>>> print(open('target15.cif').read())   # mmCIF, C-alpha atoms
data_my_file
#
loop_
_atom_site.group_PDB
_atom_site.id
_atom_site.type_symbol
_atom_site.label_atom_id
_atom_site.label_comp_id
_atom_site.auth_asym_id
_atom_site.auth_seq_id
_atom_site.Cartn_x
_atom_site.Cartn_y
_atom_site.Cartn_z
ATOM 1 C CA LEU A 1 0.000 0.000 0.000
ATOM 2 C CA PRO A 2 1.135 3.567 -0.536
ATOM 3 C CA TYR A 3 1.762 5.387 2.744
ATOM 4 C CA GLY A 4 -0.774 8.168 2.177
ATOM 5 C CA GLN A 5 -1.438 10.978 4.666
ATOM 6 C CA PRO A 6 -2.360 10.767 8.369
ATOM 7 C CA SER A 7 -5.591 12.593 7.465
ATOM 8 C CA ASP A 8 -6.726 9.874 4.992
ATOM 9 C CA PRO A 9 -10.291 8.787 5.811
ATOM 10 C CA PRO A 10 -10.675 5.288 7.253
ATOM 11 C CA GLY A 11 -10.482 2.674 4.529
ATOM 12 C CA ASP A 12 -7.968 0.424 2.809
ATOM 13 C CA GLY A 13 -6.461 2.538 0.015
ATOM 14 C CA THR A 14 -3.358 3.612 1.933
ATOM 15 C CA TYR A 15 -1.362 2.571 4.962
ATOM 16 C CA CYS A 16 -2.691 5.618 6.851
ATOM 17 C CA ALA A 17 -6.299 4.928 5.812
ATOM 18 C CA LEU A 18 -5.994 1.354 7.071
ATOM 19 C CA GLY A 19 -4.555 2.598 10.367
ATOM 20 C CA ASN A 20 -7.401 5.099 10.687
ATOM 21 C CA ARG A 21 -9.935 2.311 10.048
ATOM 22 C CA LYS A 22 -8.284 0.216 12.753
ATOM 23 C CA ASN A 23 -8.395 3.174 15.143
ATOM 24 C CA GLN A 24 -12.057 3.851 14.369
ATOM 25 C CA THR A 25 -12.873 0.195 15.136
ATOM 26 C CA PHE A 26 -10.829 0.316 18.339
ATOM 27 C CA GLN A 27 -12.637 3.450 19.522
ATOM 28 C CA GLN A 28 -16.016 1.864 18.840
ATOM 29 C CA ILE A 29 -15.052 -1.217 20.871
ATOM 30 C CA VAL A 30 -13.906 0.972 23.783
ATOM 31 C CA LYS A 31 -17.154 2.947 23.684
ATOM 32 C CA THR A 32 -19.372 -0.150 23.563
ATOM 33 C CA GLN A 33 -17.413 -2.655 25.672
ATOM 34 C CA GLY A 34 -15.373 -0.447 27.981
ATOM 35 C CA VAL A 35 -11.839 -1.215 29.123
ATOM 36 C CA ASP A 36 -10.181 -3.487 31.635
ATOM 37 C CA VAL A 37 -8.198 -1.829 34.408
ATOM 38 C CA PHE A 38 -5.552 -2.998 36.829
ATOM 39 C CA ASP A 39 -7.059 -2.549 40.288
ATOM 40 C CA ASP A 40 -3.630 -2.190 41.909
ATOM 41 C CA ALA A 41 -2.840 0.749 39.627
ATOM 42 C CA ILE A 42 -6.139 2.519 40.344
ATOM 43 C CA GLU A 43 -5.794 1.994 44.098
ATOM 44 C CA GLN A 44 -2.211 3.250 44.141
ATOM 45 C CA LEU A 45 -3.014 6.261 41.960
ATOM 46 C CA ARG A 46 -5.867 7.226 44.288
ATOM 47 C CA ARG A 47 -3.565 6.828 47.302
ATOM 48 C CA TRP A 48 -0.752 8.837 45.741
ATOM 49 C CA ARG A 49 -3.131 11.634 44.702
ATOM 50 C CA GLN A 50 -4.502 11.743 48.271
ATOM 51 C CA GLN A 51 -0.913 12.113 49.466
ATOM 52 C CA GLY A 52 -0.547 15.144 47.215
ATOM 53 C CA LEU A 53 1.596 13.593 44.502
ATOM 54 C CA LYS A 54 1.168 14.921 40.985
ATOM 55 C CA THR A 55 0.315 12.415 38.264
ATOM 56 C CA ALA A 56 0.341 12.382 34.491
ATOM 57 C CA LEU A 57 -0.692 9.877 31.872
ATOM 58 C CA VAL A 58 1.991 9.517 29.213
ATOM 59 C CA THR A 59 1.177 7.374 26.207
ATOM 60 C CA SER A 60 2.001 7.315 22.530
ATOM 61 C CA SER A 61 -1.595 6.327 21.830
ATOM 62 C CA ARG A 62 -3.943 8.921 20.401
ATOM 63 C CA ASN A 63 -6.666 7.343 22.541
ATOM 64 C CA GLY A 64 -5.365 8.222 26.011
ATOM 65 C CA GLN A 65 -8.264 10.527 26.887
ATOM 66 C CA LEU A 66 -10.816 8.028 25.537
ATOM 67 C CA ILE A 67 -9.363 5.202 27.646
ATOM 68 C CA LEU A 68 -9.340 7.313 30.816
ATOM 69 C CA GLU A 69 -12.941 8.358 30.234
ATOM 70 C CA ALA A 70 -14.040 4.766 29.551
ATOM 71 C CA ALA A 71 -12.332 3.658 32.774
ATOM 72 C CA GLY A 72 -13.816 6.580 34.719
ATOM 73 C CA ILE A 73 -10.411 7.715 36.006
ATOM 74 C CA THR A 74 -9.726 11.005 34.240
ATOM 75 C CA ASP A 75 -9.723 12.716 37.635
ATOM 76 C CA LEU A 76 -6.598 10.804 38.674
ATOM 77 C CA PHE A 77 -4.383 12.710 36.230
ATOM 78 C CA GLN A 78 -3.429 16.368 36.264
ATOM 79 C CA SER A 79 -1.742 16.096 32.885
ATOM 80 C CA ILE A 80 -2.286 13.929 29.818
ATOM 81 C CA VAL A 81 0.456 13.733 27.225
ATOM 82 C CA ASP A 82 -0.733 11.350 24.545
ATOM 83 C CA GLY A 83 -0.251 10.908 20.832
ATOM 84 C CA VAL A 84 -2.531 13.865 20.091
ATOM 85 C CA VAL A 85 -0.446 16.196 22.280
ATOM 86 C CA ALA A 86 2.807 14.731 20.936
ATOM 87 C CA ALA A 87 1.725 15.406 17.347
ATOM 88 C CA ARG A 88 0.575 18.953 18.170
ATOM 89 C CA LEU A 89 3.872 19.759 19.940
ATOM 90 C CA ASN A 90 5.997 17.776 17.469
ATOM 91 C CA LEU A 91 7.425 15.581 20.241
ATOM 92 C CA LYS A 92 9.473 12.512 19.407
ATOM 93 C CA GLY A 93 8.109 9.161 20.516
ATOM 94 C CA LYS A 94 9.693 6.563 22.738
ATOM 95 C CA PRO A 95 12.540 5.686 23.215
ATOM 96 C CA ASP A 96 13.149 9.454 23.112
ATOM 97 C CA PRO A 97 12.089 11.021 26.415
ATOM 98 C CA ASP A 98 10.177 13.968 24.915
ATOM 99 C CA ILE A 99 6.677 12.956 26.003
ATOM 100 C CA PHE A 100 7.815 12.179 29.556
ATOM 101 C CA VAL A 101 9.707 15.458 29.795
ATOM 102 C CA GLU A 102 6.630 17.332 28.545
ATOM 103 C CA ALA A 103 4.487 15.717 31.253
ATOM 104 C CA ALA A 104 7.021 16.630 33.944
ATOM 105 C CA THR A 105 7.087 20.199 32.612
ATOM 106 C CA GLU A 106 3.287 20.408 32.690
ATOM 107 C CA LEU A 107 3.350 19.200 36.309
ATOM 108 C CA ASN A 108 6.147 21.661 37.122
ATOM 109 C CA VAL A 109 8.335 18.814 38.379
ATOM 110 C CA PRO A 110 11.957 18.443 37.258
ATOM 111 C CA PRO A 111 12.563 15.024 35.687
ATOM 112 C CA GLN A 112 15.144 14.122 38.333
ATOM 113 C CA ARG A 113 12.346 14.425 40.940
ATOM 114 C CA ALA A 114 9.816 12.432 38.907
ATOM 115 C CA ILE A 115 9.042 8.740 38.533
ATOM 116 C CA VAL A 116 8.310 6.976 35.261
ATOM 117 C CA PHE A 117 6.187 3.807 35.382
ATOM 118 C CA GLU A 118 6.507 1.745 32.213
ATOM 119 C CA ASP A 119 5.609 -1.720 30.996
ATOM 120 C CA ALA A 120 7.387 -1.388 27.650
ATOM 121 C CA ILE A 121 11.110 -1.615 26.992
ATOM 122 C CA VAL A 122 11.108 1.545 24.847
ATOM 123 C CA GLY A 123 9.321 3.416 27.640
ATOM 124 C CA VAL A 124 11.910 2.317 30.196
ATOM 125 C CA GLN A 125 14.622 3.436 27.777
ATOM 126 C CA ALA A 126 12.902 6.815 27.415
ATOM 127 C CA GLY A 127 12.712 7.277 31.177
ATOM 128 C CA ARG A 128 16.399 6.449 31.500
ATOM 129 C CA ARG A 129 17.354 8.791 28.627
ATOM 130 C CA GLY A 130 15.326 11.573 30.217
ATOM 131 C CA ALA A 131 17.317 11.280 33.475
ATOM 132 C CA PHE A 132 14.198 10.708 35.557
ATOM 133 C CA GLY A 133 14.713 10.188 39.266
ATOM 134 C CA LEU A 134 13.274 6.684 39.237
ATOM 135 C CA VAL A 135 12.252 4.398 36.396
ATOM 136 C CA VAL A 136 9.905 1.617 37.477
ATOM 137 C CA GLY A 137 9.420 -1.300 35.131
ATOM 138 C CA VAL A 138 5.965 -2.830 35.487
ATOM 139 C CA ALA A 139 6.283 -6.452 34.372
ATOM 140 C CA ARG A 140 2.721 -7.659 34.001
ATOM 141 C CA ARG A 141 3.703 -10.008 31.164
ATOM 142 C CA GLY A 142 6.831 -11.605 32.613
ATOM 143 C CA GLN A 143 9.468 -9.358 31.062
ATOM 144 C CA GLN A 144 11.247 -8.513 34.344
ATOM 145 C CA GLN A 145 14.793 -9.086 33.123
ATOM 146 C CA ALA A 146 14.300 -7.217 29.848
ATOM 147 C CA LEU A 147 12.941 -4.165 31.689
ATOM 148 C CA ALA A 148 15.848 -4.246 34.139
ATOM 149 C CA ASP A 149 18.371 -4.704 31.333
ATOM 150 C CA ASN A 150 16.989 -1.664 29.519
ATOM 151 C CA GLY A 151 17.177 0.781 32.394
ATOM 152 C CA ALA A 152 14.484 0.145 34.988
ATOM 153 C CA ASP A 153 15.757 0.960 38.483
ATOM 154 C CA ILE A 154 13.080 -1.267 40.011
ATOM 155 C CA VAL A 155 10.902 -3.936 38.421
ATOM 156 C CA VAL A 156 7.553 -4.896 39.959
ATOM 157 C CA THR A 157 4.687 -7.090 38.853
ATOM 158 C CA ASN A 158 2.080 -5.229 40.901
ATOM 159 C CA LEU A 159 2.024 -1.586 42.002
ATOM 160 C CA HIS A 160 1.165 -2.655 45.559
ATOM 161 C CA GLN A 161 4.812 -3.709 45.778
ATOM 162 C CA LEU A 162 5.798 -0.007 45.941
ATOM 163 C CA GLU A 163 5.826 2.352 48.875
ATOM 164 C CA ILE A 164 5.974 5.849 47.451
ATOM 165 C CA GLY A 165 4.972 8.872 49.455
ATOM 166 C CA GLY A 166 5.015 12.627 49.176
ATOM 167 C CA ASP A 167 8.332 14.504 49.100
#
>>> encode(input="target15.cif", output="C-alpha cells")
Amino acid sequence: LPYGQPSDPPGDGTYCALGNRKNQTFQQIVKTQGVDVFDDAIEQLRRWRQQGLKTALVTSSRNGQLILEAAGITDLFQSIVDGVVAARLNLKGKPDPDIFVEAATELNVPPQRAIVFEDAIVGVQAGRRGAFGLVVGVARRGQQQALADNGADIVVTNLHQLEIGGD
C-alpha cells in the first residue's frame, strides 16, 4: 500500500487509511465494551493523589483521553500527554524522552524528581534517557529481566509492591 497521509479517511487505500480504520474500530469497541483496568494501579493512583503527589498519563496512543474516560479515572491525572499532544507539539516518541519530559514540565516537576512507570522496553529506555529520578518497570507479562536490562531501576509485577509517598 502507498503510505498516504495521516488525514486519509478510514479505509484500505493507503497505509494511513488502514490505520485510521483500525483506530475507528478500536474506539467503537472501547465505547461499547469499555476497558479493563488494573485494580492495583487505580488503588495506588488514588492513594498517591490523596498524598498530594502529581500524576500524568503519558502514552504514545492517540486514545489516552478516551481510555481514561471509559475507565472513569480522568480525575486521577493532572496532565495527559498522549499521541494527540505529541503530534501537536511535534514531540518525538519513545525511546526518546520527549513525552515524559513534557508531562514533567506540565506538572512543574523536574525530571530528576519524577518517577516513570513503564511496561514497555522503549518506555523504560525513554525514562532512562530523560534522566528521571526513578524508572519503574511494570512487568505484568513476565518481562522482568528485559525491563531491568533496559534501564528500569526497580521492576515490579504489581504496584502494591511499591511504597511511594510525598516529598
>>> residues_around(input="target15.cif", residues="Tyr15 of chain A", least_positions_apart="4", cutoff="8 Å", atoms="only C-alpha atoms", output="JSON, numbers by chain")
{"A": [1, 2, 3, 4, 19]}
>>> write_last_selection(input="target15.cif", atoms="C-alpha atoms", output="short mmCIF file (atom, residue, chain, number, x, y, z; two decimals), in the coordinates of the input")
data_model
loop_
_atom_site.label_atom_id
_atom_site.label_comp_id
_atom_site.auth_asym_id
_atom_site.auth_seq_id
_atom_site.Cartn_x
_atom_site.Cartn_y
_atom_site.Cartn_z
CA LEU A 1 0.00 0.00 0.00
CA PRO A 2 1.14 3.57 -0.54
CA TYR A 3 1.76 5.39 2.74
CA GLY A 4 -0.77 8.17 2.18
CA GLY A 19 -4.56 2.60 10.37
#
>>> closest_residue(input="target15.cif", among="A:Glu118, A:Asp12, A:Glu106, A:Asp75", to="Lys94 of chain A", atoms="only C-alpha atoms")
A:Glu118
>>> residues_around(input="target15.cif", residues="Gly34 of chain A", least_positions_apart="6", cutoff="9 Å", atoms="all atoms listed in the file", output="list of chain:residue names")
A:Ile67, A:Ala70, A:Ala71
>>> closest_residue(input="target15.cif", among="A:Arg128, A:Cys16, A:Ala41, A:Asp8", to="Thr157 of chain A", atoms="all atoms listed in the file")
A:Ala41
>>> closest_residue(input="target15.cif", among="A:Lys22, A:Arg62, A:Arg129, A:Arg113", to="Asp98 of chain A", atoms="all atoms listed in the file")
A:Arg129
>>> resolve_selection(input="target15.cif", expression="the PyMOL selection byres ((chain A and resi 150) around 9)", output="ChimeraX atom specification")
/A:121-122,124-125,128,145-149,151-152
>>> closest_residue(input="target15.cif", among="A:Leu68, A:Ala17, A:Ile99, A:Ile29", to="Asp82 of chain A", atoms="only C-alpha atoms")
A:Ile99
>>> atom_distance(input="target15.cif", atom1="atom CA of Gln51 of chain A", atom2="atom CA of Ala126 of chain A")
26.6 Å
>>> atom_distance(input="target15.cif", atom1="atom CA of Gln24 of chain A", atom2="atom CA of Ala56 of chain A")
25.1 Å
>>> closest_residue(input="target15.cif", among="A:Glu163, A:Thr105, A:Leu45, A:Pro9", to="Thr74 of chain A", atoms="all atoms listed in the file")
A:Leu45
>>> resolve_selection(input="target15.cif", expression="the PyMOL selection byres ((chain A and resi 79) around 12)", output="PDB file with C-alpha atoms, in the frame of the given file")
ATOM      1  CA  LYS A  54       1.168  14.921  40.985  1.00  0.00           C
ATOM      2  CA  THR A  55       0.315  12.415  38.264  1.00  0.00           C
ATOM      3  CA  ALA A  56       0.341  12.382  34.491  1.00  0.00           C
ATOM      4  CA  LEU A  57      -0.692   9.877  31.872  1.00  0.00           C
ATOM      5  CA  VAL A  58       1.991   9.517  29.213  1.00  0.00           C
ATOM      6  CA  THR A  59       1.177   7.374  26.207  1.00  0.00           C
ATOM      7  CA  GLY A  64      -5.365   8.222  26.011  1.00  0.00           C
ATOM      8  CA  GLN A  65      -8.264  10.527  26.887  1.00  0.00           C
ATOM      9  CA  LEU A  68      -9.340   7.313  30.816  1.00  0.00           C
ATOM     10  CA  THR A  74      -9.726  11.005  34.240  1.00  0.00           C
ATOM     11  CA  ASP A  75      -9.723  12.716  37.635  1.00  0.00           C
ATOM     12  CA  LEU A  76      -6.598  10.804  38.674  1.00  0.00           C
ATOM     13  CA  PHE A  77      -4.383  12.710  36.230  1.00  0.00           C
ATOM     14  CA  GLN A  78      -3.429  16.368  36.264  1.00  0.00           C
ATOM     15  CA  ILE A  80      -2.286  13.929  29.818  1.00  0.00           C
ATOM     16  CA  VAL A  81       0.456  13.733  27.225  1.00  0.00           C
ATOM     17  CA  ASP A  82      -0.733  11.350  24.545  1.00  0.00           C
ATOM     18  CA  VAL A  85      -0.446  16.196  22.280  1.00  0.00           C
ATOM     19  CA  ILE A  99       6.677  12.956  26.003  1.00  0.00           C
ATOM     20  CA  PHE A 100       7.815  12.179  29.556  1.00  0.00           C
ATOM     21  CA  VAL A 101       9.707  15.458  29.795  1.00  0.00           C
ATOM     22  CA  GLU A 102       6.630  17.332  28.545  1.00  0.00           C
ATOM     23  CA  ALA A 103       4.487  15.717  31.253  1.00  0.00           C
ATOM     24  CA  ALA A 104       7.021  16.630  33.944  1.00  0.00           C
ATOM     25  CA  THR A 105       7.087  20.199  32.612  1.00  0.00           C
ATOM     26  CA  GLU A 106       3.287  20.408  32.690  1.00  0.00           C
ATOM     27  CA  LEU A 107       3.350  19.200  36.309  1.00  0.00           C
ATOM     28  CA  ASN A 108       6.147  21.661  37.122  1.00  0.00           C
ATOM     29  CA  VAL A 109       8.335  18.814  38.379  1.00  0.00           C
TER      30      VAL A 109
END
>>> atom_distance(input="target15.cif", atom1="atom CA of Pro111 of chain A", atom2="atom CA of Phe132 of chain A")
4.6 Å
>>> closest_residue(input="target15.cif", among="A:Gln5, A:Asn20, A:Asn90, A:Gln44", to="Gln161 of chain A", atoms="only C-alpha atoms")
A:Gln44
>>> residues_near_point(input="target15.cif", point="(18.5, 12.0, 43.1)", cutoff="12 Å", atoms="all atoms listed in the file", output="list in words")
Pro110, Pro111, Gln112, Arg113, Ala114, Ile115, Ala131, Phe132, Gly133, Leu134 and Val135 of chain A
>>> residues_around(input="target15.cif", residues="Val156 of chain A", least_positions_apart="2", cutoff="10 Å", atoms="all atoms listed in the file", output="PyMOL selection string")
chain A and resi 117+119+136-140+142+144+147+152+154+158-162
>>> decode(input="target15.cif", residues="segment 87-111 of chain A", atoms="N, CA and C atoms", output="PDB file, in the first residue's frame")
ATOM      1  N   ALA A  87       1.784  14.944  18.738  1.00  0.00           N
ATOM      2  CA  ALA A  87       1.725  15.406  17.347  1.00  0.00           C
ATOM      3  C   ALA A  87       1.614  16.932  17.295  1.00  0.00           C
ATOM      4  N   ARG A  88       0.767  17.498  18.151  1.00  0.00           N
ATOM      5  CA  ARG A  88       0.575  18.953  18.170  1.00  0.00           C
ATOM      6  C   ARG A  88       1.866  19.684  18.531  1.00  0.00           C
ATOM      7  N   LEU A  89       2.639  19.120  19.486  1.00  0.00           N
ATOM      8  CA  LEU A  89       3.872  19.759  19.940  1.00  0.00           C
ATOM      9  C   LEU A  89       5.110  19.254  19.202  1.00  0.00           C
ATOM     10  N   ASN A  90       4.894  18.348  18.247  1.00  0.00           N
ATOM     11  CA  ASN A  90       5.997  17.776  17.469  1.00  0.00           C
ATOM     12  C   ASN A  90       7.033  17.098  18.363  1.00  0.00           C
ATOM     13  N   LEU A  91       6.546  16.304  19.326  1.00  0.00           N
ATOM     14  CA  LEU A  91       7.425  15.581  20.241  1.00  0.00           C
ATOM     15  C   LEU A  91       7.799  14.236  19.643  1.00  0.00           C
ATOM     16  N   LYS A  92       9.032  13.830  19.856  1.00  0.00           N
ATOM     17  CA  LYS A  92       9.473  12.512  19.407  1.00  0.00           C
ATOM     18  C   LYS A  92       8.875  11.451  20.316  1.00  0.00           C
ATOM     19  N   GLY A  93       8.646  10.277  19.745  1.00  0.00           N
ATOM     20  CA  GLY A  93       8.109   9.161  20.516  1.00  0.00           C
ATOM     21  C   GLY A  93       9.204   8.372  21.216  1.00  0.00           C
ATOM     22  N   LYS A  94       8.771   7.443  22.028  1.00  0.00           N
ATOM     23  CA  LYS A  94       9.693   6.563  22.738  1.00  0.00           C
ATOM     24  C   LYS A  94      10.546   5.802  21.724  1.00  0.00           C
ATOM     25  N   PRO A  95      11.790   5.594  21.966  1.00  0.00           N
ATOM     26  CA  PRO A  95      12.540   5.686  23.215  1.00  0.00           C
ATOM     27  C   PRO A  95      13.090   7.072  23.536  1.00  0.00           C
ATOM     28  N   ASP A  96      12.776   8.095  22.724  1.00  0.00           N
ATOM     29  CA  ASP A  96      13.149   9.454  23.112  1.00  0.00           C
ATOM     30  C   ASP A  96      12.280   9.869  24.296  1.00  0.00           C
ATOM     31  N   PRO A  97      12.817  10.678  25.186  1.00  0.00           N
ATOM     32  CA  PRO A  97      12.089  11.021  26.415  1.00  0.00           C
ATOM     33  C   PRO A  97      11.117  12.185  26.281  1.00  0.00           C
ATOM     34  N   ASP A  98      10.934  12.728  25.090  1.00  0.00           N
ATOM     35  CA  ASP A  98      10.177  13.968  24.915  1.00  0.00           C
ATOM     36  C   ASP A  98       8.814  13.986  25.605  1.00  0.00           C
ATOM     37  N   ILE A  99       8.030  12.922  25.433  1.00  0.00           N
ATOM     38  CA  ILE A  99       6.677  12.956  26.003  1.00  0.00           C
ATOM     39  C   ILE A  99       6.708  12.894  27.533  1.00  0.00           C
ATOM     40  N   PHE A 100       7.677  12.199  28.099  1.00  0.00           N
ATOM     41  CA  PHE A 100       7.815  12.179  29.556  1.00  0.00           C
ATOM     42  C   PHE A 100       8.269  13.532  30.079  1.00  0.00           C
ATOM     43  N   VAL A 101       9.208  14.138  29.384  1.00  0.00           N
ATOM     44  CA  VAL A 101       9.707  15.458  29.795  1.00  0.00           C
ATOM     45  C   VAL A 101       8.588  16.489  29.715  1.00  0.00           C
ATOM     46  N   GLU A 102       7.763  16.412  28.671  1.00  0.00           N
ATOM     47  CA  GLU A 102       6.630  17.332  28.545  1.00  0.00           C
ATOM     48  C   GLU A 102       5.674  17.173  29.721  1.00  0.00           C
ATOM     49  N   ALA A 103       5.388  15.941  30.112  1.00  0.00           N
ATOM     50  CA  ALA A 103       4.487  15.717  31.253  1.00  0.00           C
ATOM     51  C   ALA A 103       5.090  16.297  32.532  1.00  0.00           C
ATOM     52  N   ALA A 104       6.365  16.075  32.755  1.00  0.00           N
ATOM     53  CA  ALA A 104       7.021  16.630  33.944  1.00  0.00           C
ATOM     54  C   ALA A 104       6.953  18.159  33.917  1.00  0.00           C
ATOM     55  N   THR A 105       7.167  18.741  32.756  1.00  0.00           N
ATOM     56  CA  THR A 105       7.087  20.199  32.612  1.00  0.00           C
ATOM     57  C   THR A 105       5.686  20.692  32.937  1.00  0.00           C
ATOM     58  N   GLU A 106       4.675  20.009  32.416  1.00  0.00           N
ATOM     59  CA  GLU A 106       3.287  20.408  32.690  1.00  0.00           C
ATOM     60  C   GLU A 106       2.957  20.313  34.179  1.00  0.00           C
ATOM     61  N   LEU A 107       3.576  19.355  34.868  1.00  0.00           N
ATOM     62  CA  LEU A 107       3.350  19.200  36.309  1.00  0.00           C
ATOM     63  C   LEU A 107       4.261  20.106  37.139  1.00  0.00           C
ATOM     64  N   ASN A 108       5.172  20.805  36.452  1.00  0.00           N
ATOM     65  CA  ASN A 108       6.147  21.661  37.122  1.00  0.00           C
ATOM     66  C   ASN A 108       7.029  20.863  38.088  1.00  0.00           C
ATOM     67  N   VAL A 109       7.471  19.702  37.599  1.00  0.00           N
ATOM     68  CA  VAL A 109       8.335  18.814  38.379  1.00  0.00           C
ATOM     69  C   VAL A 109       9.567  18.523  37.524  1.00  0.00           C
ATOM     70  N   PRO A 110      10.769  18.790  38.042  1.00  0.00           N
ATOM     71  CA  PRO A 110      11.957  18.443  37.258  1.00  0.00           C
ATOM     72  C   PRO A 110      12.059  16.931  37.081  1.00  0.00           C
ATOM     73  N   PRO A 111      12.484  16.469  35.917  1.00  0.00           N
ATOM     74  CA  PRO A 111      12.563  15.024  35.687  1.00  0.00           C
ATOM     75  C   PRO A 111      13.319  14.263  36.780  1.00  0.00           C
TER      76      PRO A 111
END
